[in-house]
Amino acid sequence: MQDFGRTILVNRGNSTLLSDNALSVNNSGRDTSTMGKKVAVIGAGASGLVAIKSCLEEGLEPTCFERTEDIGGLWRFKENPEEGRASIYKSVIINTSKEMMSYSDFPIPDDFPNFMHNSKIFQYFKMYAEHFQLIQYIRFKTSVCSVKKRPDFATSGQWEITTEKDGKRESDIFDAVLVCSGHHTEAHIPLETFPGIERFKGRYIHSRDYKNPEEFQGKRVIVIGIGNSGGDIAVELSRTASQVFLSTRRGSWILNRVSDYGYPVDMLHSTRFLNTLKNCAPNFLINHVAQSKLNQRFDHANYGIKPKHGVFSQHPMVNDDLPNRIIAGTVLVKSNVAKFTETDAIFDDETVEKNIDAVIFATGYTFSFPFCEELKVQHNKVSLYKYTFLPELEKQTLAVIGLIQPLGAIMPISELQCRLAARIFTGEKLLPSASDMKEDIRKKKLEMEKRYVCSQRHTIQVDYMDFMDELAELLGVKPNYLNLFLSDPKLAWNIYFGPCTPYQYRLTGPGKWVKARSTILTQWDRTLKPMKTRYVEPSSGFSFLHVIIGLVVLLAVVFFY
C-alpha cells in the first residue's frame with residue numbers, strides 16, 4: 001500500500017489549522033515518521049471522514065471503502081440513489097445549528113447559515129476532506145462483502161476483509177476496523193400493520209424515495225409518521241397537494257429551530273448549567289416546565305398533536321412550519337390508519353378520508369451489518385459498549401461509529417467515538433473488562449426502557465451532552481470547568497453557561513487544539529454573522545436584571561459544588 005500517511009503528517013504545515021494539529025500529535029511522543037497499524041474504515045460519510053482523520057492523528061494507516069463514487073453519505077443528495085444507500089429529499093435542511101455540529105477542530109465557515117441546506121453540509125464535508133487531505137485514503141465504488149476474524153484473532157486481533165469493485169473481489173488483512181456505514185439505509189415499511197394496503201389503488205412509497213413535491217401536485221396525500229421526515233414532507237407537500245393528512249399513533253412534541261430572541265434553539269438549551277438542573281430536578285417538574293414552554297408557541301392539544309408521554313420520552317420533531325400549515329388547514333392531523341380500501345383510508349377514530357391518491361410512509365429505518373457476523377442485530381438492537389465496542393471480542397480492534405440517535409448533532413459524537421477507538425487501537429487507552437462493559441450496556445438498556453416509549457426509534461437513543469462527556473472522560477478530554485473557574489473564569493463561564501459546542505473537547509488531553517479556546521469565545525460571532533447582511537442599530541444589551549440573575553446563578557453553582 002502506498003505510504004500516504006507520511007505525506008499528510010509532513011504537509012500539515014501548509015495551513016495554520018493543520019499545523020496546530022500536527023503539533024498536538026508530535027508532542028504525544030509517538031514517532032510519526034512511519035505509519036502504524038492498518039485500519040479499514042467502512043463508509044466515507046460524516047463518520048467515515050472523521051474516522052480517517054482520527055486514525056492519521058494517532059499514526060494509524062487507514063483505508064476507507066466507499067461503495068459510491070463520492071463522499072458525504074446521507075448528505076449527498078441524489079435524485080435516484082443506489083439501493084441500500086441512505087437518501088434525503090432535495091429540500092432537506094439540518095435540524096442542528098452549525099456550531100453544535102462542527103467537527104471539533106474545523107469550525108464551519110462563519111458566513112454559512114446556522115441551519116444549513118444539505119448542499120451546504122456536503123460542501124462542508126468537501127472542505128474538511130480537502131483540508132485534511134483525506135480523499136487519497138478512500139477507495140471509491142468499492143463495496144465491503146465480508147469482515148471476518150482471522151484464525152489467530154485471539155492473539156493478533158486481525159480481520160480479513162473482502163471487497164468488490166467492478167465485479168472483482170479481493171481480500172486484505174487489517175489490524176482494526178471502523179464501521180461507519182450509518183443507520184439510515186434500510187427503509188422500514190410495516191405493511192402488515194396496515195390491513196388493505198395491498199388492495200389500495202393509489203401509490204405508496206417510503207420517505208426515502210420522496211425527492212420533491214411536484215409529482216404530488218393536486219393530490220390527496222397521507223403522510224404516516226410524525227418524526228422529522230414526516231413533518232418536513234407534510235409541510236412541503238401542503239404547498240402543492242390539494243390536501244395533506246398527517247397520521248400519527250402517539251403525537252409528538254414539536255421544537256422550533258429558532259428559540260428566544262431568534263437564537264438557535266440547541267445553542268440556548270444545550271448548556272451544562274441547564275443539564276445540571278435537568279439531572280438534579282424531579283422528572284415531573286422538568287417535563288412540566290418543558291411542556292409549558294413548548295405550549296407557549298402553540299397549544300399541542302388544540303392542534304391535535306399532543307402526546308400522552310412527556311417531552312423527554314420520545315425523540316421530538318423539529319419543525320418551524322407545521323403549526324402554520326395546520327392552522328391554515330393545508331395539513332390535517334389524523335389518528336393512526338386502521339385500514340385501507342381501494343381508494344380510502346379509515347382511521348382508528350373511525351373517521352374516513354376518501355379518494356386518497358398517495359401514501360408516504362415516514363416510518364423510519366432498520367439497520368444491520370450483513371458483512372460482519374460479529375455484529376448481531378435483533379429488533380433494531382445491538383449490544384455495544386458506549387454504542388461502539390463489542391465486549392465479547394478477545395481483542396478490541398473493531399468499533400461501530402455513528403450508530404446513535406441523539407437529540408442533537410451526530411457528527412461531534414462520531415468524532416469522539418473515532419478518537420477514542422483510534423487510541424484503543426494503538427494501545428494508548430484500554431477499555432474496561434468485558435463484564436464491566438456488559439453491565440454498562442445492561443444499565444443503559446434499562447434506563448432507555450424506563451424513559452422512552454416502546455418504539456424501534458428508541459433503541460440507539462443518547463443524550464447529546466451526557467454521552468459526549470462519557471466518551472470524553474474515557475478519552476481524557478473532558479474539560480474541568482470547576483478548575484477553569486479559578487484559572488480562566490471567562491472561558492469557564494462560556495463552557496458552563498454557554499452552548500456545549502464540540503470545541504470544548506479539544507481544550508485538553510490527547511488531540512488538544514491550540515485554537516479551541518478562541519473558537520469557543522467567538523462562537524456567538526460566527527452564529528450572528530450570516531444573519532447580519534444589513535446594518536441596523538444593535539439592540540440594547542443585557543439589562544441590570546440579567547446581571548442580577550447571572551450572579552444568583554453563579555452563587556448557586558458555587559454553593560452546589
# chains A, B, ... in the order shown; residues from 1 in each chain; ligands from 1
>>> select_by_dssp(residues="range 244-447 of chain A", states="helix (DSSP H, G or I)", output="PyMOL selection string")
chain A and resi 260-262+265-269+272-280+283-297+311-313+322-327+411-426+434-447
>>> closest_atom_pairs(of="range 295-361 of chain A", to="range 215-228 of chain A", cutoff="6 Å", atoms="only C-alpha atoms", output="Markdown table")
| residue | atom | partner | partner_atom | distance |
| --- | --- | --- | --- | --- |
| A:Met317 | CA | A:Asn228 | CA | 5.1 |
| A:Ile356 | CA | A:Arg220 | CA | 5.2 |
| A:Asp357 | CA | A:Arg220 | CA | 5.3 |
| A:Ala358 | CA | A:Val221 | CA | 4.9 |
| A:Val359 | CA | A:Ile222 | CA | 4.8 |
| A:Ile360 | CA | A:Val223 | CA | 4.8 |
| A:Phe361 | CA | A:Ile224 | CA | 5.0 |
>>> write_last_selection(atoms="N, CA and C atoms", output="short mmCIF file (atom, residue, chain, number, x, y, z; two decimals), in the first residue's frame")
data_model
loop_
_atom_site.label_atom_id
_atom_site.label_comp_id
_atom_site.auth_asym_id
_atom_site.auth_seq_id
_atom_site.Cartn_x
_atom_site.Cartn_y
_atom_site.Cartn_z
N MET A 317 -40.11 16.16 17.34
CA MET A 317 -39.96 16.67 15.99
C MET A 317 -39.38 18.07 16.05
N ILE A 356 -58.03 8.91 -1.69
CA ILE A 356 -56.61 9.15 -1.40
C ILE A 356 -55.78 8.73 -2.61
N ASP A 357 -54.90 9.63 -3.04
CA ASP A 357 -54.07 9.36 -4.22
C ASP A 357 -52.73 8.72 -3.88
N ALA A 358 -52.19 9.06 -2.72
CA ALA A 358 -50.84 8.57 -2.40
C ALA A 358 -50.65 8.49 -0.89
N VAL A 359 -49.78 7.57 -0.49
CA VAL A 359 -49.40 7.41 0.91
C VAL A 359 -47.88 7.40 1.00
N ILE A 360 -47.36 8.18 1.91
CA ILE A 360 -45.91 8.22 2.14
C ILE A 360 -45.64 7.72 3.55
N PHE A 361 -44.90 6.62 3.65
CA PHE A 361 -44.57 6.03 4.94
C PHE A 361 -43.26 6.64 5.47
#
>>> residues_around(residues="Tyr464 in chain A", least_positions_apart="2", cutoff="7 Å", atoms="only C-alpha atoms", output="VMD selection string")
chain A and resid 406 to 408 462 466 to 468
>>> write_last_selection(atoms="N, CA and C atoms", output="PDB file, in the first residue's frame")
ATOM      1  N   PRO A 406     -29.073  10.858  18.643  1.00  0.00           N
ATOM      2  CA  PRO A 406     -29.100  11.871  19.701  1.00  0.00           C
ATOM      3  C   PRO A 406     -30.134  12.953  19.415  1.00  0.00           C
ATOM      4  N   LEU A 407     -30.586  13.626  20.480  1.00  0.00           N
ATOM      5  CA  LEU A 407     -31.321  14.867  20.295  1.00  0.00           C
ATOM      6  C   LEU A 407     -30.256  15.949  20.157  1.00  0.00           C
ATOM      7  N   GLY A 408     -29.768  16.082  18.947  1.00  0.00           N
ATOM      8  CA  GLY A 408     -28.632  16.956  18.684  1.00  0.00           C
ATOM      9  C   GLY A 408     -27.824  16.381  17.538  1.00  0.00           C
ATOM     10  N   VAL A 462     -29.435   8.504  22.601  1.00  0.00           N
ATOM     11  CA  VAL A 462     -28.497   9.010  23.595  1.00  0.00           C
ATOM     12  C   VAL A 462     -28.780  10.492  23.836  1.00  0.00           C
ATOM     13  N   ASP A 466     -24.569  14.361  27.793  1.00  0.00           N
ATOM     14  CA  ASP A 466     -24.163  13.311  28.731  1.00  0.00           C
ATOM     15  C   ASP A 466     -23.295  12.259  28.036  1.00  0.00           C
ATOM     16  N   PHE A 467     -23.691  11.881  26.825  1.00  0.00           N
ATOM     17  CA  PHE A 467     -22.939  10.846  26.116  1.00  0.00           C
ATOM     18  C   PHE A 467     -21.587  11.365  25.645  1.00  0.00           C
ATOM     19  N   MET A 468     -21.553  12.627  25.200  1.00  0.00           N
ATOM     20  CA  MET A 468     -20.267  13.223  24.819  1.00  0.00           C
ATOM     21  C   MET A 468     -19.314  13.223  26.013  1.00  0.00           C
TER      22      MET A 468
END
>>> residues_around(residues="Asp525 in chain A", least_positions_apart="5", cutoff="12 Å", atoms="only C-alpha atoms", output="VMD selection string")
chain A and resid 99 109 to 111 114 263 518 to 520 530 to 532
>>> residues_around(residues="Ala46 in chain A", least_positions_apart="2", cutoff="10 Å", atoms="only C-alpha atoms", output="CSV table (one decimal) with N, CA, C and O atoms, in the first residue's frame")
chain,number,residue,atom,x,y,z
A,43,GLY,N,-17.2,3.1,4.8
A,43,GLY,CA,-18.1,4.2,4.6
A,43,GLY,C,-17.3,5.6,4.7
A,43,GLY,O,-16.5,5.8,5.5
A,44,ALA,N,-17.7,6.5,3.7
A,44,ALA,CA,-17.0,7.8,3.7
A,44,ALA,C,-18.0,8.9,3.9
A,44,ALA,O,-17.9,9.9,3.2
A,48,GLY,N,-17.3,8.4,8.5
A,48,GLY,CA,-16.1,7.8,7.9
A,48,GLY,C,-15.0,8.8,7.7
A,48,GLY,O,-13.8,8.5,7.8
A,49,LEU,N,-15.3,10.1,7.3
A,49,LEU,CA,-14.3,11.1,7.1
A,49,LEU,C,-13.5,11.4,8.4
A,49,LEU,O,-12.3,11.4,8.4
A,50,VAL,N,-14.2,11.5,9.5
A,50,VAL,CA,-13.5,11.8,10.8
A,50,VAL,C,-12.8,10.6,11.3
A,50,VAL,O,-11.8,10.7,12.0
A,51,ALA,N,-13.3,9.4,10.9
A,51,ALA,CA,-12.5,8.2,11.2
A,51,ALA,C,-11.2,8.1,10.6
A,51,ALA,O,-10.2,7.8,11.2
A,71,ILE,N,-17.9,11.2,-1.5
A,71,ILE,CA,-18.0,11.2,0.0
A,71,ILE,C,-19.4,11.8,0.3
A,71,ILE,O,-20.2,12.1,-0.6
A,72,GLY,N,-19.7,11.8,1.6
A,72,GLY,CA,-20.9,12.5,2.0
A,72,GLY,C,-22.0,11.7,2.6
A,72,GLY,O,-22.8,12.1,3.4
A,73,GLY,N,-22.1,10.4,2.1
A,73,GLY,CA,-23.1,9.5,2.7
A,73,GLY,C,-24.5,10.1,2.5
A,73,GLY,O,-25.0,10.5,1.5
A,74,LEU,N,-25.2,10.1,3.7
A,74,LEU,CA,-26.6,10.6,3.7
A,74,LEU,C,-26.8,12.0,3.2
A,74,LEU,O,-27.8,12.3,2.6
A,75,TRP,N,-25.7,12.8,3.3
A,75,TRP,CA,-25.9,14.2,3.0
A,75,TRP,C,-25.5,14.6,1.5
A,75,TRP,O,-25.4,15.8,1.2
A,103,TYR,N,-17.1,19.7,13.3
A,103,TYR,CA,-16.0,18.9,13.8
A,103,TYR,C,-15.2,19.8,14.8
A,103,TYR,O,-15.1,21.0,14.5
A,121,ILE,N,-24.0,21.4,3.7
A,121,ILE,CA,-23.4,20.4,4.6
A,121,ILE,C,-22.4,19.5,3.7
A,121,ILE,O,-21.3,19.3,4.2
A,122,PHE,N,-22.8,19.2,2.5
A,122,PHE,CA,-22.0,18.4,1.6
A,122,PHE,C,-20.7,19.3,1.3
A,122,PHE,O,-19.6,18.7,1.3
A,125,PHE,N,-18.3,19.1,4.2
A,125,PHE,CA,-17.6,17.8,4.2
A,125,PHE,C,-16.5,17.8,3.1
A,125,PHE,O,-15.4,17.3,3.4
A,180,CYS,N,-18.5,2.5,9.7
A,180,CYS,CA,-19.1,3.9,9.6
A,180,CYS,C,-20.2,3.9,8.6
A,180,CYS,O,-20.4,4.8,7.8
A,181,SER,N,-21.0,2.8,8.5
A,181,SER,CA,-22.0,2.6,7.5
A,181,SER,C,-23.3,3.3,7.8
A,181,SER,O,-24.2,3.3,6.9
A,182,GLY,N,-23.5,3.8,9.0
A,182,GLY,CA,-24.7,4.5,9.3
A,182,GLY,C,-25.9,3.7,9.6
A,182,GLY,O,-25.8,2.4,9.6
A,401,ILE,N,-19.2,3.2,14.5
A,401,ILE,CA,-19.2,4.6,14.7
A,401,ILE,C,-20.6,5.2,14.2
A,401,ILE,O,-21.0,4.8,13.1
A,402,GLY,N,-21.2,6.1,14.9
A,402,GLY,CA,-22.4,6.8,14.5
A,402,GLY,C,-23.7,6.0,14.6
A,402,GLY,O,-24.7,6.5,14.0
A,410,ILE,N,-25.0,14.5,15.3
A,410,ILE,CA,-24.4,13.2,15.4
A,410,ILE,C,-22.9,13.3,15.1
A,410,ILE,O,-22.1,12.5,15.6
A,411,MET,N,-22.5,14.3,14.3
A,411,MET,CA,-21.1,14.4,13.9
A,411,MET,C,-20.1,14.5,15.0
A,411,MET,O,-19.1,13.8,15.1
A,412,PRO,N,-20.3,15.4,16.0
A,412,PRO,CA,-19.3,15.5,17.1
A,412,PRO,C,-19.2,14.2,17.9
A,412,PRO,O,-18.2,13.9,18.5
A,414,SER,N,-19.8,11.1,16.8
A,414,SER,CA,-19.0,10.2,15.9
A,414,SER,C,-17.5,10.5,16.0
A,414,SER,O,-16.6,9.6,16.1
A,415,GLU,N,-17.2,11.8,16.1
A,415,GLU,CA,-15.8,12.2,16.2
A,415,GLU,C,-15.1,11.7,17.5
A,415,GLU,O,-14.0,11.1,17.5
>>> closest_residue(among="A:Arg423, A:Met437, A:Ala516, A:Asn295", to="Leu393 in chain A", atoms="only C-alpha atoms")
A:Met437
